[in-house]
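Novice: Sharing my_file-v1.txt (compact mmCIF, N, CA, C and O atoms) below.
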# COMPACT_ATOMS: atom_id res chain seq x y z
N MET A 851 0.84 -1.18 0.00
CA MET A 851 0.00 0.00 0.00
C MET A 851 0.89 1.24 0.00
O MET A 851 2.07 1.17 0.24
N ALA A 852 0.32 2.38 -0.20
CA ALA A 852 1.08 3.62 -0.34
C ALA A 852 1.55 4.12 1.02
O ALA A 852 0.98 3.83 2.04
N THR A 853 2.60 4.92 0.98
CA THR A 853 3.11 5.54 2.19
C THR A 853 2.71 6.99 2.21
O THR A 853 2.06 7.48 1.30
N ASP A 854 3.15 7.68 3.26
CA ASP A 854 2.84 9.11 3.35
C ASP A 854 3.66 9.95 2.39
O ASP A 854 3.36 11.10 2.17
N GLN A 855 4.74 9.41 1.85
CA GLN A 855 5.62 10.14 0.96
C GLN A 855 5.67 9.48 -0.41
O GLN A 855 6.66 8.87 -0.78
N PRO A 856 4.61 9.58 -1.22
CA PRO A 856 4.61 8.90 -2.51
C PRO A 856 5.45 9.57 -3.57
O PRO A 856 5.73 8.99 -4.60
N ALA A 857 5.90 10.80 -3.36
CA ALA A 857 6.61 11.54 -4.41
C ALA A 857 7.87 10.81 -4.85
O ALA A 857 8.18 10.76 -6.03
N SER A 858 8.61 10.23 -3.90
CA SER A 858 9.83 9.53 -4.28
C SER A 858 9.51 8.30 -5.13
O SER A 858 10.24 7.97 -6.05
N LYS A 859 8.45 7.62 -4.82
CA LYS A 859 8.04 6.46 -5.61
C LYS A 859 7.57 6.92 -6.99
O LYS A 859 7.82 6.25 -7.98
N PHE A 860 6.88 8.04 -7.07
CA PHE A 860 6.38 8.52 -8.35
C PHE A 860 7.53 8.92 -9.25
O PHE A 860 7.49 8.69 -10.45
N SER A 861 8.57 9.52 -8.69
CA SER A 861 9.67 9.95 -9.54
C SER A 861 10.35 8.75 -10.19
O SER A 861 10.83 8.83 -11.30
N SER A 862 10.39 7.62 -9.48
CA SER A 862 10.99 6.43 -10.08
C SER A 862 10.04 5.73 -11.04
O SER A 862 10.45 4.91 -11.84
N MET A 863 8.75 6.05 -10.98
CA MET A 863 7.76 5.40 -11.84
C MET A 863 7.49 6.19 -13.12
O MET A 863 6.77 5.72 -13.98
N GLN A 864 8.05 7.38 -13.27
CA GLN A 864 7.68 8.21 -14.40
C GLN A 864 8.03 7.59 -15.74
O GLN A 864 7.43 7.91 -16.74
N GLY A 865 8.99 6.67 -15.76
CA GLY A 865 9.31 6.00 -17.00
C GLY A 865 8.33 4.88 -17.31
O GLY A 865 8.33 4.35 -18.41
N GLN A 866 7.50 4.51 -16.34
CA GLN A 866 6.54 3.43 -16.53
C GLN A 866 5.21 3.98 -17.04
O GLN A 866 5.03 5.18 -17.19
N GLN A 867 4.29 3.07 -17.26
CA GLN A 867 3.00 3.45 -17.81
C GLN A 867 2.17 4.25 -16.79
O GLN A 867 2.06 3.85 -15.64
N PRO A 868 1.57 5.35 -17.23
CA PRO A 868 0.69 6.10 -16.33
C PRO A 868 -0.50 5.27 -15.87
O PRO A 868 -1.06 5.52 -14.81
N GLU A 869 -0.86 4.24 -16.67
CA GLU A 869 -2.00 3.40 -16.30
C GLU A 869 -1.75 2.68 -14.98
O GLU A 869 -2.67 2.45 -14.20
N LEU A 870 -0.48 2.37 -14.68
CA LEU A 870 -0.15 1.71 -13.43
C LEU A 870 -0.44 2.63 -12.24
O LEU A 870 -1.01 2.21 -11.23
N MET A 871 -0.08 3.90 -12.38
CA MET A 871 -0.35 4.87 -11.32
C MET A 871 -1.86 5.11 -11.17
O MET A 871 -2.36 5.22 -10.06
N LEU A 872 -2.53 5.19 -12.29
CA LEU A 872 -3.98 5.39 -12.25
C LEU A 872 -4.66 4.20 -11.59
O LEU A 872 -5.58 4.36 -10.78
N SER A 873 -4.20 3.01 -11.91
CA SER A 873 -4.73 1.81 -11.30
C SER A 873 -4.53 1.83 -9.78
O SER A 873 -5.44 1.48 -9.01
N ALA A 874 -3.36 2.26 -9.35
CA ALA A 874 -3.07 2.33 -7.91
C ALA A 874 -4.00 3.30 -7.19
O ALA A 874 -4.53 3.00 -6.12
N VAL A 875 -4.21 4.48 -7.77
CA VAL A 875 -5.05 5.47 -7.10
C VAL A 875 -6.51 5.03 -7.09
O VAL A 875 -7.23 5.26 -6.13
N LEU A 876 -6.95 4.35 -8.14
CA LEU A 876 -8.32 3.83 -8.14
C LEU A 876 -8.49 2.76 -7.06
O LEU A 876 -9.52 2.70 -6.38
N HIS A 877 -7.47 1.95 -6.88
CA HIS A 877 -7.49 0.95 -5.83
C HIS A 877 -7.60 1.61 -4.45
O HIS A 877 -8.40 1.20 -3.60
N LEU A 878 -6.78 2.65 -4.22
CA LEU A 878 -6.83 3.38 -2.95
C LEU A 878 -8.21 4.00 -2.72
O LEU A 878 -8.74 3.97 -1.61
N MET A 879 -8.77 4.59 -3.78
CA MET A 879 -10.08 5.23 -3.66
C MET A 879 -11.16 4.21 -3.31
O MET A 879 -12.07 4.51 -2.53
N SER A 880 -11.04 3.00 -3.85
CA SER A 880 -12.05 1.99 -3.54
C SER A 880 -11.96 1.54 -2.09
O SER A 880 -12.96 1.13 -1.50
N HIS A 881 -10.78 1.63 -1.49
CA HIS A 881 -10.62 1.24 -0.09
C HIS A 881 -11.02 2.35 0.88
O HIS A 881 -11.22 2.08 2.06
N TYR A 882 -11.11 3.57 0.41
CA TYR A 882 -11.41 4.69 1.31
C TYR A 882 -12.73 4.47 2.04
O TYR A 882 -12.80 4.54 3.26
N HIS A 883 -13.79 4.20 1.33
CA HIS A 883 -15.09 3.99 1.98
C HIS A 883 -15.20 2.62 2.61
O HIS A 883 -15.85 2.46 3.63
N ALA A 884 -14.56 1.63 2.01
CA ALA A 884 -14.62 0.28 2.56
C ALA A 884 -13.95 0.22 3.94
O ALA A 884 -14.35 -0.56 4.79
N ASP A 885 -12.92 1.04 4.14
CA ASP A 885 -12.19 1.04 5.41
C ASP A 885 -12.71 2.09 6.39
O ASP A 885 -12.06 2.36 7.39
N GLY A 886 -13.85 2.69 6.12
CA GLY A 886 -14.45 3.62 7.07
C GLY A 886 -13.96 5.04 6.98
O GLY A 886 -13.77 5.70 7.98
N ALA A 887 -13.73 5.56 5.79
CA ALA A 887 -13.38 6.97 5.55
C ALA A 887 -12.16 7.40 6.36
O ALA A 887 -12.22 8.29 7.19
N CYS A 888 -11.04 6.77 6.12
CA CYS A 888 -9.80 7.06 6.83
C CYS A 888 -9.21 8.39 6.33
O CYS A 888 -8.90 8.53 5.15
N PRO A 889 -9.04 9.38 7.21
CA PRO A 889 -8.51 10.68 6.78
C PRO A 889 -7.08 10.59 6.26
O PRO A 889 -6.70 11.32 5.35
N LYS A 890 -6.28 9.70 6.81
CA LYS A 890 -4.90 9.56 6.33
C LYS A 890 -4.90 9.03 4.89
O LYS A 890 -4.12 9.49 4.06
N LEU A 891 -5.79 8.10 4.61
CA LEU A 891 -5.89 7.56 3.26
C LEU A 891 -6.36 8.63 2.28
O LEU A 891 -5.90 8.67 1.14
N ALA A 892 -7.22 9.53 2.72
CA ALA A 892 -7.67 10.63 1.86
C ALA A 892 -6.49 11.50 1.45
O ALA A 892 -6.39 11.93 0.30
N GLY A 893 -5.57 11.75 2.37
CA GLY A 893 -4.38 12.53 2.05
C GLY A 893 -3.47 11.82 1.07
O GLY A 893 -2.90 12.44 0.17
N VAL A 894 -3.34 10.50 1.21
CA VAL A 894 -2.52 9.72 0.28
C VAL A 894 -3.14 9.75 -1.11
O VAL A 894 -2.44 9.93 -2.11
N ILE A 895 -4.45 9.60 -1.17
CA ILE A 895 -5.16 9.65 -2.46
C ILE A 895 -4.96 11.01 -3.11
O ILE A 895 -4.68 11.11 -4.31
N GLU A 896 -5.05 12.06 -2.32
CA GLU A 896 -4.87 13.42 -2.86
C GLU A 896 -3.49 13.58 -3.46
O GLU A 896 -3.32 14.12 -4.55
N ARG A 897 -2.46 13.09 -2.78
CA ARG A 897 -1.09 13.22 -3.29
C ARG A 897 -0.88 12.37 -4.54
O ARG A 897 -0.16 12.79 -5.46
N HIS A 898 -1.48 11.20 -4.59
CA HIS A 898 -1.38 10.38 -5.80
C HIS A 898 -2.02 11.10 -7.00
O HIS A 898 -1.46 11.13 -8.08
N LEU A 899 -3.20 11.66 -6.77
CA LEU A 899 -3.89 12.37 -7.85
C LEU A 899 -3.10 13.60 -8.29
O LEU A 899 -3.02 13.91 -9.49
N GLN A 900 -2.47 14.28 -7.35
CA GLN A 900 -1.66 15.45 -7.68
C GLN A 900 -0.48 15.04 -8.54
O GLN A 900 -0.16 15.70 -9.53
N ALA A 901 0.16 13.93 -8.18
CA ALA A 901 1.29 13.44 -8.98
C ALA A 901 0.83 13.02 -10.38
O ALA A 901 1.51 13.29 -11.36
N LEU A 902 -0.31 12.37 -10.44
CA LEU A 902 -0.85 11.97 -11.75
C LEU A 902 -1.14 13.17 -12.63
O LEU A 902 -0.89 13.15 -13.84
N SER A 903 -1.65 14.23 -12.04
CA SER A 903 -2.01 15.41 -12.84
C SER A 903 -0.78 16.07 -13.47
O SER A 903 -0.91 16.82 -14.43
N GLY A 904 0.40 15.78 -12.94
CA GLY A 904 1.62 16.38 -13.49
C GLY A 904 2.37 15.49 -14.45
O GLY A 904 3.43 15.88 -14.94
N LEU A 905 1.84 14.30 -14.72
CA LEU A 905 2.54 13.40 -15.64
C LEU A 905 2.37 13.87 -17.09
O LEU A 905 1.25 14.04 -17.56
N PRO A 906 3.47 14.04 -17.82
CA PRO A 906 3.37 14.51 -19.20
C PRO A 906 2.75 13.46 -20.14
O PRO A 906 2.23 13.82 -21.20
N ASP A 907 2.83 12.18 -19.77
CA ASP A 907 2.29 11.12 -20.62
C ASP A 907 0.77 11.02 -20.56
O ASP A 907 0.17 10.30 -21.36
N LEU A 908 0.15 11.70 -19.62
CA LEU A 908 -1.30 11.65 -19.47
C LEU A 908 -1.94 12.68 -20.40
O LEU A 908 -1.41 13.78 -20.57
N GLY A 909 -3.06 12.34 -20.96
CA GLY A 909 -3.77 13.28 -21.83
C GLY A 909 -4.26 14.48 -21.04
O GLY A 909 -4.43 14.41 -19.82
N PRO A 910 -4.49 15.61 -21.71
CA PRO A 910 -4.88 16.83 -21.01
C PRO A 910 -6.20 16.71 -20.24
O PRO A 910 -6.35 17.28 -19.17
N VAL A 911 -7.15 15.95 -20.78
CA VAL A 911 -8.43 15.79 -20.08
C VAL A 911 -8.24 15.00 -18.80
O VAL A 911 -8.75 15.37 -17.74
N LEU A 912 -7.45 13.95 -18.87
CA LEU A 912 -7.19 13.14 -17.68
C LEU A 912 -6.34 13.90 -16.67
O LEU A 912 -6.56 13.80 -15.46
N GLN A 913 -5.40 14.70 -17.13
CA GLN A 913 -4.60 15.55 -16.22
C GLN A 913 -5.51 16.53 -15.47
O GLN A 913 -5.39 16.70 -14.26
N ALA A 914 -6.42 17.17 -16.21
CA ALA A 914 -7.33 18.14 -15.58
C ALA A 914 -8.26 17.46 -14.59
O ALA A 914 -8.53 17.99 -13.51
N THR A 915 -8.72 16.27 -14.93
CA THR A 915 -9.59 15.52 -14.03
C THR A 915 -8.85 15.15 -12.76
O THR A 915 -9.38 15.31 -11.65
N CYS A 916 -7.63 14.68 -12.89
CA CYS A 916 -6.83 14.33 -11.71
C CYS A 916 -6.56 15.56 -10.85
O CYS A 916 -6.59 15.48 -9.62
N GLN A 917 -6.30 16.70 -11.48
CA GLN A 917 -6.06 17.94 -10.72
C GLN A 917 -7.30 18.34 -9.94
O GLN A 917 -7.22 18.68 -8.76
N GLN A 918 -8.46 18.28 -10.60
CA GLN A 918 -9.71 18.65 -9.93
C GLN A 918 -10.01 17.68 -8.78
O GLN A 918 -10.37 18.11 -7.68
N LEU A 919 -9.85 16.40 -9.03
CA LEU A 919 -10.09 15.41 -7.97
C LEU A 919 -9.09 15.56 -6.83
O LEU A 919 -9.44 15.38 -5.66
N SER A 920 -7.86 15.92 -7.15
CA SER A 920 -6.85 16.15 -6.12
C SER A 920 -7.30 17.26 -5.18
O SER A 920 -7.17 17.15 -3.95
N GLN A 921 -7.84 18.34 -5.73
CA GLN A 921 -8.32 19.44 -4.90
C GLN A 921 -9.50 19.01 -4.03
O GLN A 921 -9.59 19.40 -2.86
N GLN A 922 -10.38 18.20 -4.59
CA GLN A 922 -11.53 17.73 -3.82
C GLN A 922 -11.10 16.80 -2.69
O GLN A 922 -11.61 16.88 -1.58
N TRP A 923 -10.14 15.92 -2.97
CA TRP A 923 -9.66 15.01 -1.93
C TRP A 923 -8.88 15.78 -0.87
O TRP A 923 -8.90 15.42 0.31
N ALA A 924 -8.18 16.84 -1.26
CA ALA A 924 -7.47 17.67 -0.27
C ALA A 924 -8.45 18.33 0.68
O ALA A 924 -8.22 18.38 1.89
N ALA A 925 -9.56 18.80 0.14
CA ALA A 925 -10.59 19.41 0.99
C ALA A 925 -11.20 18.37 1.92
O ALA A 925 -11.46 18.64 3.10
N LEU A 926 -11.41 17.16 1.42
CA LEU A 926 -11.96 16.09 2.23
C LEU A 926 -10.99 15.70 3.34
O LEU A 926 -11.40 15.50 4.50
N ALA A 927 -9.71 15.61 3.03
CA ALA A 927 -8.71 15.28 4.05
C ALA A 927 -8.65 16.36 5.12
O ALA A 927 -8.53 16.07 6.31
N ALA A 928 -8.74 17.63 4.70
CA ALA A 928 -8.71 18.73 5.66
C ALA A 928 -9.95 18.73 6.55
O ALA A 928 -9.87 19.07 7.73
N LEU A 929 -11.07 18.34 5.99
CA LEU A 929 -12.32 18.29 6.75
C LEU A 929 -12.25 17.29 7.89
O LEU A 929 -12.80 17.52 8.96
N HIS A 930 -11.55 16.18 7.67
CA HIS A 930 -11.48 15.13 8.67
C HIS A 930 -10.30 15.25 9.62
O HIS A 930 -10.16 14.44 10.52
N ARG A 931 -9.44 16.23 9.40
CA ARG A 931 -8.32 16.42 10.32
C ARG A 931 -8.86 16.84 11.67
O ARG A 931 -9.75 17.69 11.75
N PRO A 932 -8.30 16.30 12.74
CA PRO A 932 -8.79 16.70 14.05
C PRO A 932 -8.48 18.17 14.32
O PRO A 932 -7.41 18.67 13.97
N ALA A 933 -9.45 18.84 14.91
CA ALA A 933 -9.27 20.25 15.25
C ALA A 933 -8.31 20.36 16.44
O ALA A 933 -8.30 19.48 17.30
N PRO A 934 -7.52 21.42 16.48
CA PRO A 934 -6.64 21.59 17.63
C PRO A 934 -7.48 21.77 18.90
O PRO A 934 -8.58 22.30 18.85
N ALA A 935 -6.91 21.31 19.99
CA ALA A 935 -7.63 21.42 21.27
C ALA A 935 -7.87 22.88 21.60
O ALA A 935 -6.97 23.71 21.52
N ARG A 936 -9.11 23.19 21.94
CA ARG A 936 -9.46 24.56 22.28
C ARG A 936 -9.56 24.70 23.79
O ARG A 936 -10.07 23.83 24.47
N THR A 937 -9.08 25.82 24.27
CA THR A 937 -9.19 26.10 25.70
C THR A 937 -10.23 27.19 25.89
O THR A 937 -10.45 28.02 25.01
N THR A 938 -10.84 27.17 27.03
CA THR A 938 -11.84 28.19 27.34
C THR A 938 -11.14 29.46 27.80
O THR A 938 -9.94 29.45 28.13
N VAL A 939 -11.87 30.53 27.86
CA VAL A 939 -11.33 31.81 28.33
C VAL A 939 -10.87 31.67 29.77
O VAL A 939 -9.81 32.19 30.14
N ILE A 940 -11.63 30.96 30.56
CA ILE A 940 -11.28 30.77 31.97
C ILE A 940 -9.94 30.02 32.09
O ILE A 940 -9.09 30.39 32.90
N GLU A 941 -9.75 28.98 31.28
CA GLU A 941 -8.50 28.22 31.33
C GLU A 941 -7.31 29.08 30.90
O GLU A 941 -6.24 29.02 31.51
N ARG A 942 -7.50 29.91 29.88
CA ARG A 942 -6.40 30.79 29.44
C ARG A 942 -6.08 31.83 30.51
O ARG A 942 -4.91 32.11 30.77
N LEU A 943 -7.11 32.40 31.14
CA LEU A 943 -6.87 33.38 32.21
C LEU A 943 -6.18 32.72 33.40
O LEU A 943 -5.28 33.31 34.00
N ALA A 944 -6.60 31.52 33.75
CA ALA A 944 -5.97 30.82 34.88
C ALA A 944 -4.50 30.57 34.60
O ALA A 944 -3.66 30.68 35.50
N ARG A 945 -4.18 30.24 33.36
CA ARG A 945 -2.78 30.02 33.01
C ARG A 945 -1.98 31.32 33.09
O ARG A 945 -0.84 31.34 33.54
N LEU A 946 -2.59 32.42 32.63
CA LEU A 946 -1.89 33.71 32.67
C LEU A 946 -1.72 34.24 34.08
O LEU A 946 -0.69 34.81 34.44
N LEU A 947 -2.76 34.09 34.89
CA LEU A 947 -2.75 34.65 36.24
C LEU A 947 -2.26 33.68 37.30
O LEU A 947 -2.06 34.07 38.44
N GLY A 948 -2.09 32.44 36.94
CA GLY A 948 -1.67 31.41 37.90
C GLY A 948 -0.27 31.65 38.41
O GLY A 948 0.47 32.49 37.90
N PRO A 949 0.07 30.90 39.43
CA PRO A 949 1.42 31.07 40.01
C PRO A 949 2.49 30.68 39.00
O PRO A 949 2.33 29.73 38.25
N ARG A 950 3.53 31.46 39.03
CA ARG A 950 4.67 31.18 38.14
C ARG A 950 5.53 30.11 38.79
O ARG A 950 5.62 30.02 40.01
N ARG A 951 6.17 29.34 37.94
CA ARG A 951 7.10 28.34 38.46
C ARG A 951 8.36 29.06 38.93
O ARG A 951 8.86 29.94 38.24
N PRO A 952 8.85 28.68 40.10
CA PRO A 952 10.09 29.32 40.55
C PRO A 952 11.24 28.91 39.65
O PRO A 952 11.29 27.78 39.17
N ALA A 953 12.11 29.84 39.43
CA ALA A 953 13.26 29.56 38.59
C ALA A 953 14.20 28.63 39.33
O ALA A 953 14.48 28.82 40.51
N THR A 954 14.62 27.59 38.67
CA THR A 954 15.55 26.66 39.29
C THR A 954 16.95 27.18 39.13
O THR A 954 17.34 27.63 38.05
N PRO A 955 17.70 27.16 40.21
CA PRO A 955 19.08 27.68 40.11
C PRO A 955 19.92 26.77 39.23
O PRO A 955 19.73 25.56 39.20
N LEU A 956 20.81 27.37 38.49
CA LEU A 956 21.71 26.62 37.63
C LEU A 956 22.80 25.97 38.47
O LEU A 956 23.28 26.54 39.44
N PRO A 957 23.16 24.75 38.12
CA PRO A 957 24.24 24.09 38.88
C PRO A 957 25.56 24.82 38.65
O PRO A 957 25.86 25.29 37.57
N GLN A 958 26.34 24.91 39.72
CA GLN A 958 27.61 25.63 39.61
C GLN A 958 28.77 24.72 39.63
O GLN A 958 28.84 23.69 40.11
What does this structure look like when you write it as structure tokens?
Specialist:
Amino acid sequence: MATDQPASKFSSMQGQQPELMLSAVLHLMSHYHADGACPKLAGVIERHLQALSGLPDLGPVLQATCQQLSQQWAALAALHRPAPARTTVIERLARLLGPRRPATPLPQ
């Protein structure tokens, strides 16, 4: 299966048939829903589609389709990313107004 860094694999595959890369991304896309909408897999699919859209051996219509799908998968991956932990106003004030840690003396 694909890793988080497909660019290095794509650079070595550019001499091969674009159909192989297209086949791989279609396989990944079919597993996305079967595996329960994995956000990490959405990011991998997005990067595969982005790499496909830049292949010179691909026809212009297929390049444009891959580019458009890449943008859609990027939005989907961003939608499922966990939001950073939010603190309340009270928690932020308590941190600001709370006791400071005493400075530890440096060993001599």
Novice: Have a look at CA of Ala925 in chain A and atom C of Met871 in chain A and let me know their distance in Å, one decimal.
Specialist: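 Taking CA of Ala925 in chain A as the start and atom C of Met871 in chain A as the end point, the length is 20.7 Å.
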Novice: Which residue is closest to Trp923 in chain A? Choose from A:Met879, A:Ala884, A:Ile895, A:Leu905 and count only N, CA, C and O atoms.
Specialist: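 Checking each of A:Met879, A:Ala884, A:Ile895, A:Leu905 against Trp923 in chain A, counting only N, CA, C and O atoms, the winner is A:Ile895.
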Novice: Mind giving me the straight-line distance from atom C of Leu926 in chain A to atom C of Gln867 in chain A in Å, one decimal?
Specialist: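 Separation of atom C of Leu926 in chain A and atom C of Gln867 in chain A: 26.6 Å.
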Novice: Using only C-alpha atoms, which protein or nucleic acid residues come within 12 Å of Gln917 in chain A? Drop anything in the same chain fewer than 5 positions from it, and give the result as a PDB file with N, CA, C and O atoms, in the frame of the given file.
Specialist:
ATOM      1  N   ILE A 895      -4.450   9.600  -1.170  1.00  0.00           N
ATOM      2  CA  ILE A 895      -5.160   9.650  -2.460  1.00  0.00           C
ATOM      3  C   ILE A 895      -4.960  11.010  -3.110  1.00  0.00           C
ATOM      4  O   ILE A 895      -4.680  11.110  -4.310  1.00  0.00           O
ATOM      5  N   GLU A 896      -5.050  12.060  -2.320  1.00  0.00           N
ATOM      6  CA  GLU A 896      -4.870  13.420  -2.860  1.00  0.00           C
ATOM      7  C   GLU A 896      -3.490  13.580  -3.460  1.00  0.00           C
ATOM      8  O   GLU A 896      -3.320  14.120  -4.550  1.00  0.00           O
ATOM      9  N   ARG A 897      -2.460  13.090  -2.780  1.00  0.00           N
ATOM     10  CA  ARG A 897      -1.090  13.220  -3.290  1.00  0.00           C
ATOM     11  C   ARG A 897      -0.880  12.370  -4.540  1.00  0.00           C
ATOM     12  O   ARG A 897      -0.160  12.790  -5.460  1.00  0.00           O
ATOM     13  N   HIS A 898      -1.480  11.200  -4.590  1.00  0.00           N
ATOM     14  CA  HIS A 898      -1.380  10.380  -5.800  1.00  0.00           C
ATOM     15  C   HIS A 898      -2.020  11.100  -7.000  1.00  0.00           C
ATOM     16  O   HIS A 898      -1.460  11.130  -8.080  1.00  0.00           O
ATOM     17  N   LEU A 899      -3.200  11.660  -6.770  1.00  0.00           N
ATOM     18  CA  LEU A 899      -3.890  12.370  -7.850  1.00  0.00           C
ATOM     19  C   LEU A 899      -3.100  13.600  -8.290  1.00  0.00           C
ATOM     20  O   LEU A 899      -3.020  13.910  -9.490  1.00  0.00           O
ATOM     21  N   GLN A 900      -2.470  14.280  -7.350  1.00  0.00           N
ATOM     22  CA  GLN A 900      -1.660  15.450  -7.680  1.00  0.00           C
ATOM     23  C   GLN A 900      -0.480  15.040  -8.540  1.00  0.00           C
ATOM     24  O   GLN A 900      -0.160  15.700  -9.530  1.00  0.00           O
ATOM     25  N   ALA A 901       0.160  13.930  -8.180  1.00  0.00           N
ATOM     26  CA  ALA A 901       1.290  13.440  -8.980  1.00  0.00           C
ATOM     27  C   ALA A 901       0.830  13.020 -10.380  1.00  0.00           C
ATOM     28  O   ALA A 901       1.510  13.290 -11.360  1.00  0.00           O
ATOM     29  N   LEU A 902      -0.310  12.370 -10.440  1.00  0.00           N
ATOM     30  CA  LEU A 902      -0.850  11.970 -11.750  1.00  0.00           C
ATOM     31  C   LEU A 902      -1.140  13.170 -12.630  1.00  0.00           C
ATOM     32  O   LEU A 902      -0.890  13.150 -13.840  1.00  0.00           O
ATOM     33  N   SER A 903      -1.650  14.230 -12.040  1.00  0.00           N
ATOM     34  CA  SER A 903      -2.010  15.410 -12.840  1.00  0.00           C
ATOM     35  C   SER A 903      -0.780  16.070 -13.470  1.00  0.00           C
ATOM     36  O   SER A 903      -0.910  16.820 -14.430  1.00  0.00           O
ATOM     37  N   GLY A 904       0.400  15.780 -12.940  1.00  0.00           N
ATOM     38  CA  GLY A 904       1.620  16.380 -13.490  1.00  0.00           C
ATOM     39  C   GLY A 904       2.370  15.490 -14.450  1.00  0.00           C
ATOM     40  O   GLY A 904       3.430  15.880 -14.940  1.00  0.00           O
ATOM     41  N   LEU A 905       1.840  14.300 -14.720  1.00  0.00           N
ATOM     42  CA  LEU A 905       2.540  13.400 -15.640  1.00  0.00           C
ATOM     43  C   LEU A 905       2.370  13.870 -17.090  1.00  0.00           C
ATOM     44  O   LEU A 905       1.250  14.040 -17.560  1.00  0.00           O
ATOM     45  N   LEU A 908       0.150  11.700 -19.620  1.00  0.00           N
ATOM     46  CA  LEU A 908      -1.300  11.650 -19.470  1.00  0.00           C
ATOM     47  C   LEU A 908      -1.940  12.680 -20.400  1.00  0.00           C
ATOM     48  O   LEU A 908      -1.410  13.780 -20.570  1.00  0.00           O
ATOM     49  N   PRO A 910      -4.490  15.610 -21.710  1.00  0.00           N
ATOM     50  CA  PRO A 910      -4.880  16.830 -21.010  1.00  0.00           C
ATOM     51  C   PRO A 910      -6.200  16.710 -20.240  1.00  0.00           C
ATOM     52  O   PRO A 910      -6.350  17.280 -19.170  1.00  0.00           O
ATOM     53  N   VAL A 911      -7.150  15.950 -20.780  1.00  0.00           N
ATOM     54  CA  VAL A 911      -8.430  15.790 -20.080  1.00  0.00           C
ATOM     55  C   VAL A 911      -8.240  15.000 -18.800  1.00  0.00           C
ATOM     56  O   VAL A 911      -8.750  15.370 -17.740  1.00  0.00           O
ATOM     57  N   LEU A 912      -7.450  13.950 -18.870  1.00  0.00           N
ATOM     58  CA  LEU A 912      -7.190  13.140 -17.680  1.00  0.00           C
ATOM     59  C   LEU A 912      -6.340  13.900 -16.670  1.00  0.00           C
ATOM     60  O   LEU A 912      -6.560  13.800 -15.460  1.00  0.00           O
ATOM     61  N   GLN A 922     -10.380  18.200  -4.590  1.00  0.00           N
ATOM     62  CA  GLN A 922     -11.530  17.730  -3.820  1.00  0.00           C
ATOM     63  C   GLN A 922     -11.100  16.800  -2.690  1.00  0.00           C
ATOM     64  O   GLN A 922     -11.610  16.880  -1.580  1.00  0.00           O
ATOM     65  N   TRP A 923     -10.140  15.920  -2.970  1.00  0.00           N
ATOM     66  CA  TRP A 923      -9.660  15.010  -1.930  1.00  0.00           C
ATOM     67  C   TRP A 923      -8.880  15.780  -0.870  1.00  0.00           C
ATOM     68  O   TRP A 923      -8.900  15.420   0.310  1.00  0.00           O
ATOM     69  N   ALA A 924      -8.180  16.840  -1.260  1.00  0.00           N
ATOM     70  CA  ALA A 924      -7.470  17.670  -0.270  1.00  0.00           C
ATOM     71  C   ALA A 924      -8.450  18.330   0.680  1.00  0.00           C
ATOM     72  O   ALA A 924      -8.220  18.380   1.890  1.00  0.00           O
TER      73      ALA A 924
END
Novice: Report the distance between atom O of Leu891 in chain A and CA of Asp907 in chain A in Å, rounded to one decimal place.
Specialist: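 Here the two named atoms are 23.4 Å from each other.
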Novice: Given 5 Å of margin on each side, can you work out the centre and size in Å (one decimal) of an axis-aligned box holding every listed atom of range 921-928 of chain A, as lines of an AutoDock Vina configuration file?
Specialist:
center_x = -9.7
center_y = 17.2
center_z = 1.0
size_x = 14.5
size_y = 14.4
size_z = 23.5
Novice: Skip Cys888 in chain A itself and residues of its chain fewer than 5 positions away, then list as a list in words all residues within 8 Å of it, counting all atoms listed in the file.
Specialist: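 Using all atoms listed in the file, the neighbours found are His881, Tyr882, His883, Gly893, Val894, Ile895, Leu926, Ala927 and His930 of chain A.
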